[in-house]
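S.K.: File data.txt below, compact mmCIF, C-alpha atoms:
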```txt
# COMPACT_ATOMS: atom_id res chain seq x y z
CA MET A 1 121.92 99.15 101.39
CA ASN A 2 118.41 99.91 102.54
CA THR A 3 118.04 102.86 104.87
CA MET A 4 115.59 104.06 107.50
CA PHE A 5 114.97 107.79 107.91
CA PHE A 6 114.00 109.46 111.18
CA SER A 7 113.35 113.08 112.14
CA ILE A 8 115.00 114.21 115.34
CA ALA A 9 113.37 116.86 117.60
CA ALA A 10 111.42 118.31 114.70
CA LEU A 11 109.54 117.28 111.61
CA PHE A 12 111.68 116.97 108.51
CA TYR A 13 110.49 116.52 105.01
CA PHE A 14 112.34 115.26 101.99
CA GLN A 15 111.76 116.91 98.68
CA GLY A 16 113.51 115.96 95.46
CA ILE A 17 113.40 117.51 92.06
CA TYR A 18 113.51 115.17 89.15
CA ALA A 19 113.08 116.46 85.62
CA GLN A 20 111.77 113.50 83.67
CA LYS A 21 113.02 113.27 80.11
CA SER A 22 111.12 111.99 77.13
CA ILE A 23 111.73 108.38 76.27
CA GLU A 24 114.44 107.90 73.70
CA GLY A 25 114.42 104.10 73.72
CA SER A 26 113.07 101.96 70.92
CA PHE A 27 109.54 100.59 71.18
CA LEU A 28 108.25 97.46 69.51
CA SER A 29 104.85 98.48 68.24
CA ASP A 30 103.54 95.35 66.55
CA LYS A 31 99.92 95.82 67.70
CA LYS A 32 98.37 92.49 66.78
CA ALA A 33 94.91 92.14 68.29
CA THR A 34 95.48 88.45 68.96
CA GLU A 35 98.43 88.93 71.33
CA LYS A 36 97.51 88.09 74.91
CA ILE A 37 100.42 89.27 77.05
CA TRP A 38 102.09 92.67 77.06
CA LYS A 39 105.45 93.39 78.67
CA ILE A 40 106.45 96.94 79.61
CA GLU A 41 109.75 97.85 81.27
CA TYR A 42 110.08 101.08 83.24
CA LYS A 43 112.90 103.04 84.76
CA GLU A 44 111.72 103.67 88.33
CA ILE A 45 113.23 106.65 90.15
CA SER A 46 112.99 107.62 93.82
CA ILE A 47 114.62 110.71 95.38
CA TYR A 48 114.17 110.85 99.15
CA THR A 49 116.97 113.40 99.67
CA PRO A 50 117.86 116.08 97.09
CA GLY A 51 120.86 115.03 95.04
CA PHE A 52 120.58 111.32 95.89
CA ILE A 53 118.85 109.47 93.04
CA ASN A 54 117.84 105.82 93.37
CA GLU A 55 117.22 104.13 90.03
CA ASP A 56 115.46 100.76 89.91
CA LYS A 57 113.65 98.74 87.25
CA ALA A 58 109.96 97.83 87.15
CA THR A 59 108.56 95.25 84.74
CA LEU A 60 104.83 95.02 84.05
CA TYR A 61 103.10 92.05 82.43
CA ILE A 62 99.45 92.31 81.38
CA SER A 63 97.15 89.52 80.24
CA ASP A 64 93.38 89.39 79.79
CA ASP A 65 92.95 88.23 83.39
CA TYR A 66 95.91 89.60 85.37
CA SER A 67 98.57 92.24 85.58
CA PHE A 68 101.86 91.63 87.37
CA CYS A 69 104.38 94.38 88.20
CA LYS A 70 107.72 93.61 89.81
CA THR A 71 110.33 96.12 90.95
CA GLU A 72 113.96 95.01 90.90
CA PHE A 73 115.77 97.05 93.53
CA LYS A 74 119.39 98.05 93.02
CA GLU A 75 121.60 98.44 96.05
CA SER A 76 122.06 102.10 96.90
CA ALA A 77 125.29 103.74 95.79
CA TYR A 78 125.06 106.12 98.76
CA SER A 79 126.30 105.36 102.24
CA ALA A 80 124.62 106.35 105.49
CA GLU A 81 127.44 108.85 106.01
CA ASP A 82 126.72 110.47 102.63
CA LEU A 83 123.05 110.95 103.47
CA MET A 84 123.63 112.29 106.97
CA ALA A 85 126.32 114.68 105.71
CA SER A 86 123.74 116.22 103.37
CA ASP A 87 121.40 117.16 106.23
CA ASP A 88 122.34 117.16 109.92
CA SER A 89 118.67 116.63 110.93
CA ILE A 90 118.69 113.14 109.39
CA LEU A 91 119.61 109.98 111.23
CA VAL A 92 120.16 107.06 108.87
CA ILE A 93 120.41 103.52 110.18
CA ASP A 94 122.01 100.92 107.93
CA ASP A 95 119.81 97.93 107.27
CA ASP A 96 121.20 94.48 106.55
CA ASN A 97 118.01 93.33 104.84
CA PHE A 98 118.71 94.54 101.30
CA ASP A 99 118.70 91.01 99.91
CA GLU A 100 115.16 90.64 101.26
CA SER A 101 113.88 93.75 99.46
CA PHE A 102 110.93 92.67 97.41
CA ASN A 103 107.92 94.24 95.72
CA GLU A 104 105.41 92.66 93.37
CA ILE A 105 101.88 93.82 92.64
CA VAL A 106 99.30 91.43 91.22
CA VAL A 107 95.93 92.63 89.95
CA ASN A 108 93.10 90.24 89.22
CA ARG A 109 91.52 92.19 86.40
CA ASN A 110 88.25 90.24 86.48
CA GLU A 111 87.67 90.35 90.25
CA LYS A 112 89.21 93.85 90.57
CA THR A 113 91.46 92.91 93.48
CA LEU A 114 95.08 93.88 94.15
CA THR A 115 97.73 92.05 96.16
CA GLU A 116 101.08 93.63 96.95
CA TYR A 117 103.86 91.23 97.91
CA LEU A 118 106.53 93.01 99.90
CA PHE A 119 109.12 92.76 102.64
CA GLU A 120 108.51 95.31 105.40
CA ASP A 121 112.09 96.06 106.43
CA MET A 122 111.74 98.98 108.86
CA VAL A 123 109.87 97.65 111.86
CA LEU A 124 108.07 94.37 111.12
CA LYS A 125 110.90 92.56 109.30
CA ASN A 126 108.55 90.17 107.58
CA LYS A 127 107.06 89.26 104.20
CA PHE A 128 103.44 90.18 103.56
CA ALA A 129 100.79 89.67 100.89
CA VAL A 130 98.80 92.88 101.34
CA GLU A 131 95.33 92.49 99.85
CA GLU A 132 92.76 95.13 98.89
CA SER A 133 90.10 95.88 96.32
CA LEU A 134 91.59 97.51 93.26
CA PRO A 135 91.91 101.11 94.54
CA GLU A 136 89.91 103.74 92.74
CA MET A 137 91.95 106.54 91.20
CA LYS A 138 89.87 109.57 90.29
CA TRP A 139 91.51 111.00 87.19
CA GLU A 140 91.30 114.42 85.63
CA LEU A 141 91.90 114.04 81.91
CA LEU A 142 93.86 116.97 80.48
CA GLU A 143 94.12 118.32 76.95
CA GLU A 144 97.91 118.08 76.70
CA LYS A 145 99.31 115.53 74.28
CA LYS A 146 102.77 114.30 73.29
CA ARG A 147 104.47 111.36 71.65
CA ILE A 148 106.44 108.82 73.69
CA GLY A 149 108.34 106.32 71.59
CA ASN A 150 105.94 105.10 68.91
CA TYR A 151 102.80 106.06 70.82
CA ASN A 152 100.61 109.14 70.96
CA CYS A 153 99.96 109.95 74.60
CA GLU A 154 97.58 112.10 76.63
CA LYS A 155 98.06 113.61 80.06
CA ALA A 156 96.06 113.03 83.25
CA LYS A 157 96.47 113.71 86.94
CA THR A 158 95.11 112.35 90.19
CA VAL A 159 95.46 112.72 93.94
CA PHE A 160 95.82 109.28 95.49
CA ARG A 161 96.40 108.58 99.17
CA GLY A 162 98.09 111.87 99.87
CA ARG A 163 100.19 112.30 96.75
CA MET A 164 99.42 114.01 93.44
CA TYR A 165 100.54 112.16 90.33
CA GLU A 166 100.81 113.32 86.73
CA VAL A 167 100.87 110.61 84.08
CA TRP A 168 101.03 110.16 80.33
CA TYR A 169 98.96 107.30 78.94
CA THR A 170 98.36 106.04 75.43
CA PRO A 171 94.82 105.20 74.21
CA GLU A 172 96.56 103.31 71.39
CA ILE A 173 97.07 100.51 73.93
CA PRO A 174 93.58 100.34 75.51
CA LEU A 175 94.70 98.58 78.71
CA SER A 176 93.66 100.27 81.95
CA SER A 177 96.95 99.54 83.66
CA GLY A 178 100.40 100.90 84.45
CA PRO A 179 103.34 100.51 86.82
CA TRP A 180 102.78 100.21 90.57
CA LYS A 181 99.04 100.58 91.35
CA PHE A 182 98.11 102.91 88.49
CA ASN A 183 94.78 101.98 86.93
CA GLY A 184 91.50 103.43 85.70
CA LEU A 185 92.61 105.31 82.60
CA PRO A 186 91.46 104.58 79.02
CA GLY A 187 94.94 103.45 78.05
CA LEU A 188 98.29 102.16 79.25
CA VAL A 189 100.40 104.45 81.48
CA LEU A 190 103.85 104.97 79.91
CA SER A 191 105.10 107.74 82.20
CA ALA A 192 104.20 108.87 85.72
CA ARG A 193 105.60 111.16 88.41
CA ASP A 194 104.46 112.69 91.63
CA ILE A 195 104.56 116.47 91.58
CA GLN A 196 106.93 116.66 94.56
CA GLY A 197 109.57 114.88 92.49
CA ILE A 198 110.12 111.92 94.80
CA TYR A 199 108.77 109.13 92.57
CA SER A 200 108.67 108.62 88.83
CA TRP A 201 108.32 105.86 86.25
CA ALA A 202 109.32 106.05 82.58
CA ALA A 203 108.73 103.27 80.06
CA ILE A 204 111.86 102.12 78.27
CA SER A 205 110.38 99.26 76.22
CA VAL A 206 106.98 97.94 75.18
CA THR A 207 106.43 94.49 73.65
CA ASN A 208 103.29 92.44 73.08
CA HIS A 209 104.48 89.02 72.05
CA VAL A 210 105.62 87.30 75.23
CA GLU A 211 103.13 84.44 75.74
CA GLU A 212 105.88 81.87 76.27
CA GLU A 213 108.13 84.14 78.34
CA PHE A 214 106.01 84.64 81.45
CA ASP A 215 103.88 82.21 83.47
CA PHE A 216 101.29 84.19 85.42
CA LEU A 217 100.05 81.31 87.55
CA LYS A 218 103.56 80.26 88.56
CA ASN A 219 104.53 83.80 89.61
CA ILE A 220 101.25 84.58 91.36
CA ASN A 221 100.68 81.37 93.34
CA ASN A 222 104.19 80.37 94.38
CA LYS A 223 104.48 82.52 97.53
CA PRO A 224 103.65 80.38 100.60
CA ASP A 225 106.03 82.29 102.90
CA PHE A 226 104.08 85.57 102.63
CA THR A 227 101.59 86.40 105.39
CA LYS A 228 98.21 87.39 103.95
CA ILE A 229 96.78 90.58 105.45
CA SER A 230 94.34 93.29 104.42
CA TYR A 231 95.76 96.68 103.42
CA ARG A 232 93.99 98.33 106.35
CA ASP A 233 95.28 95.83 108.93
CA TYR A 234 98.78 96.04 107.46
CA ASP A 235 98.77 99.83 107.74
CA LYS A 236 97.62 99.66 111.36
CA LYS A 237 100.28 97.08 112.14
CA VAL A 238 103.09 99.20 110.68
CA VAL A 239 101.94 102.38 112.46
CA ALA A 240 101.68 100.58 115.82
CA ALA A 241 105.17 99.11 115.38
CA HIS A 242 106.63 102.56 114.60
CA LYS A 243 105.01 104.03 117.71
CA ASP A 244 106.21 101.17 119.94
CA ARG A 245 109.77 101.39 118.64
CA ASN A 246 109.92 105.18 119.04
CA ARG A 247 108.54 104.87 122.57
CA VAL A 248 111.40 102.50 123.46
CA PHE A 249 114.02 104.77 121.84
CA ASN A 250 112.70 107.87 123.57
CA THR A 251 112.64 106.17 126.95
CA ARG A 252 116.34 105.48 126.60
CA ALA A 253 117.26 108.82 125.04
CA GLU A 254 118.41 111.75 127.12
CA GLY A 255 116.60 114.90 126.04
CA VAL A 256 116.32 113.83 122.39
CA MET A 257 112.91 113.12 120.88
CA ILE A 258 112.88 110.70 117.95
CA THR A 259 109.89 110.58 115.64
CA THR A 260 109.18 108.74 112.41
CA THR A 261 107.62 110.28 109.32
CA VAL A 262 105.93 108.43 106.47
CA GLY A 263 105.70 111.65 104.46
CA THR A 264 107.96 110.26 101.73
CA LYS A 265 106.04 107.02 101.24
CA ARG A 266 104.10 106.54 98.01
CA GLU A 267 100.94 106.38 100.12
CA PRO A 268 101.64 108.73 103.08
CA ILE A 269 97.95 108.74 104.05
CA ASN A 270 94.95 106.64 103.16
CA GLU A 271 91.18 106.41 103.51
CA TRP A 272 91.26 106.16 107.33
CA ARG A 273 94.56 107.76 108.42
CA THR A 274 95.79 111.32 107.85
CA GLU A 275 98.59 111.27 110.43
CA THR A 276 102.07 111.02 108.92
CA GLU A 277 104.26 111.67 111.97
CA PHE A 278 104.63 109.16 114.80
```
Can the structure in the file be given as structure tokens, please?
M.R.:
Amino acid sequence: MNTMFFSIAALFYFQGIYAQKSIEGSFLSDKKATEKIWKIEYKEISIYTPGFINEDKATLYISDDYSFCKTEFKESAYSAEDLMASDDSILVIDDDNFDESFNEIVVNRNEKTLTEYLFEDMVLKNKFAVEESLPEMKWELLEEKKRIGNYNCEKAKTVFRGRMYEVWYTPEIPLSSGPWKFNGLPGLVLSARDIQGIYSWAAISVTNHVEEEFDFLKNINNKPDFTKISYRDYDKKVVAAHKDRNRVFNTRAEGVMITTTVGTKREPINEWRTETEF
């Protein structure tokens, strides 16, 4: 079940607390310089409402030319009634589009471009290939260090499109990559979380001998049913659709004002929009 969250008569904000644990899983650390493709699996956590934890799986492949990160969504174990019972200011609408849920991020490492393949299930109900230049993440490198699996890691933080993230990366794997859109560090990101506790990623396995397991060109080019659009135009399209839908709802409502917040999105704001409530 996918869900859509709306604030009614007032702004609401979800905050979750997730204490990320150190990785206990086994890591394959055969670091042969000749290996071309790395595969990293992450546990991906999202907590939109306190006490309701969504756990998915993200898999990242990295070659000399590309990186490819796919999230496999698991159907929520929580019903709309469960979520609304936790907070009477929340209206949750069941969505029948779970089977369409889709998210893949492809980075052309040479051209420094990023394409996010997704299904927008709230208002547009369509598949998009959202294109942008590889976004710049301005990192503050910290002095803290720790070991994750077989790798020595260092800590960094950044504020990116309205959300502050703390990550642990390992210079022992000198790939400037990570799950989702993370990039720009002198090493591979093995762990990441936003400080509000809504989103987190934790590596559960690292391998670097998968040349025959993954075909980059097949996975990148075989998506003819996705509409190509720039990140900026996509953002404008989604915001306009939210406003139009709310206008229709509010015209029909009797004394109840319905608004939509994007405050829990990974990118609640961006380089041209600071508004999060529509």
S.K.: Which is closer to Leu114 of chain A than all the others in A:Ile220, A:Leu175, A:Leu185, A:Gln196, using all atoms listed in the file?
M.R.: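 Using all atoms listed in the file, the shortest distance to Leu114 of chain A belongs to A:Ile220.
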S.K.: Residues of segment 99-181 of chain A within 10 Å of segment 248-269 of chain A: nearest atom pair and distance (Å, one decimal) for each, counting only C-alpha atoms, sorted by chain and number, as a Markdown table?
M.R.:
```
| residue | atom | partner | partner_atom | distance |
| --- | --- | --- | --- | --- |
| A:Phe160 | CA | A:Glu267 | CA | 7.5 |
| A:Arg161 | CA | A:Ile269 | CA | 5.1 |
| A:Gly162 | CA | A:Ile269 | CA | 5.2 |
| A:Arg163 | CA | A:Glu267 | CA | 6.9 |
| A:Met164 | CA | A:Arg266 | CA | 9.9 |
| A:Trp180 | CA | A:Arg266 | CA | 9.9 |
```
S.K.: Store the residues of this selection in a file with C-alpha atoms, as a short mmCIF file (atom, residue, chain, number, x, y, z; two decimals), in the frame of the given file.
M.R.:
```
data_model
loop_
_atom_site.label_atom_id
_atom_site.label_comp_id
_atom_site.auth_asym_id
_atom_site.auth_seq_id
_atom_site.Cartn_x
_atom_site.Cartn_y
_atom_site.Cartn_z
CA PHE A 160 95.82 109.28 95.49
CA ARG A 161 96.40 108.58 99.17
CA GLY A 162 98.09 111.87 99.87
CA ARG A 163 100.19 112.30 96.75
CA MET A 164 99.42 114.01 93.44
CA TRP A 180 102.78 100.21 90.57
#
```
S.K.: Figure out the distance between atom CA of Val107 of chain A and atom CA of Leu134 of chain A, please, to one decimal in Å.
M.R.: 7.3 Å
S.K.: How many Å lie between atom CA of Tyr231 of chain A and atom CA of Asn126 of chain A, rounded to one decimal?
M.R.: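 It comes out at 14.9 Å.
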S.K.: Nearest to Ala240 of chain A: which of A:Phe278, A:Pro174, A:Glu72, A:Phe216 is it, counting only C-alpha atoms?
M.R.: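 Closest residue, counting only C-alpha atoms: A:Phe278.
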S.K.: Grab the atom CA of Ser176 of chain A to atom CA of Trp272 of chain A distance for me, in Å with one decimal place.
M.R.: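 These two atoms are separated by 26.2 Å.
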S.K.: Pick the closest to Ala129 of chain A from A:Tyr199, A:Tyr42, A:Phe226, A:Phe68: which is it, counting only C-alpha atoms?
M.R.: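 Closest to Ala129 of chain A, using only C-alpha atoms: A:Phe226.
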S.K.: Write out as a CSV table (one decimal) with C-alpha atoms, in the frame of the given file the residues lying within 10 Å of Tyr165 of chain A, counting all atoms listed in the file and excluding same-chain residues fewer than 4 positions away.
M.R.:
```csv
chain,number,residue,atom,x,y,z
A,139,TRP,CA,91.5,111.0,87.2
A,156,ALA,CA,96.1,113.0,83.2
A,157,LYS,CA,96.5,113.7,86.9
A,158,THR,CA,95.1,112.4,90.2
A,159,VAL,CA,95.5,112.7,93.9
A,160,PHE,CA,95.8,109.3,95.5
A,182,PHE,CA,98.1,102.9,88.5
A,192,ALA,CA,104.2,108.9,85.7
A,193,ARG,CA,105.6,111.2,88.4
A,194,ASP,CA,104.5,112.7,91.6
A,195,ILE,CA,104.6,116.5,91.6
A,196,GLN,CA,106.9,116.7,94.6
A,197,GLY,CA,109.6,114.9,92.5
A,199,TYR,CA,108.8,109.1,92.6
A,200,SER,CA,108.7,108.6,88.8
```
S.K.: Neighbouring residues of Lys236 of chain A were defined as those with any atom within 12 Å, considering only C-alpha atoms; residues of the same chain fewer than 3 positions away were excluded. Please report them as a list in words.
M.R.: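 My list of contacting residues is Leu124, Ile229, Ser230, Tyr231, Arg232, Asp233, Val239, Ala240, Ala241, His242, Lys243, Ile269, Asn270, Trp272, Arg273 and Glu275 of chain A.
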S.K.: Using the selection just defined, write its residues with C-alpha atoms as a compact mmCIF listing (two decimals), in the frame of the given file.
M.R.:
```txt
# COMPACT_ATOMS: atom_id res chain seq x y z
CA LEU A 124 108.07 94.37 111.12
CA ILE A 229 96.78 90.58 105.45
CA SER A 230 94.34 93.29 104.42
CA TYR A 231 95.76 96.68 103.42
CA ARG A 232 93.99 98.33 106.35
CA ASP A 233 95.28 95.83 108.93
CA VAL A 239 101.94 102.38 112.46
CA ALA A 240 101.68 100.58 115.82
CA ALA A 241 105.17 99.11 115.38
CA HIS A 242 106.63 102.56 114.60
CA LYS A 243 105.01 104.03 117.71
CA ILE A 269 97.95 108.74 104.05
CA ASN A 270 94.95 106.64 103.16
CA TRP A 272 91.26 106.16 107.33
CA ARG A 273 94.56 107.76 108.42
CA GLU A 275 98.59 111.27 110.43
```
S.K.: Name the closest residue to Lys39 of chain A among the candidates A:Ile53, A:Ile62, A:Leu188, A:Ile105; distances are taken between atoms, counting only C-alpha atoms.
M.R.: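 Comparing A:Ile53, A:Ile62, A:Leu188, A:Ile105 against Lys39 of chain A, the winner is A:Ile62.
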S.K.: I need the residue nearest Thr170 of chain A from this list: A:Tyr151, A:Tyr234, A:Tyr117, A:Phe52. Use all atoms listed in the file for the distance.
M.R.: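 Residue with the minimum atom-to-atom distance to Thr170 of chain A: A:Tyr151.
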S.K.: Counting all atoms listed in the file, figure out which residue out of A:Glu104, A:Glu143, A:Glu41, A:Asp56 gets nearest to Val206 of chain A.
M.R.: A:Glu41
S.K.: Give the padded box for segment 108-117 of chain A as AutoDock Vina command-line options: axis-aligned, covering all atoms listed in the file, 8 Å on each side, centre and edge lengths in Å to one decimal.
M.R.:
```
--center_x 95.8 --center_y 92.1 --center_z 92.2 --size_x 32.2 --size_y 19.6 --size_z 27.5
```
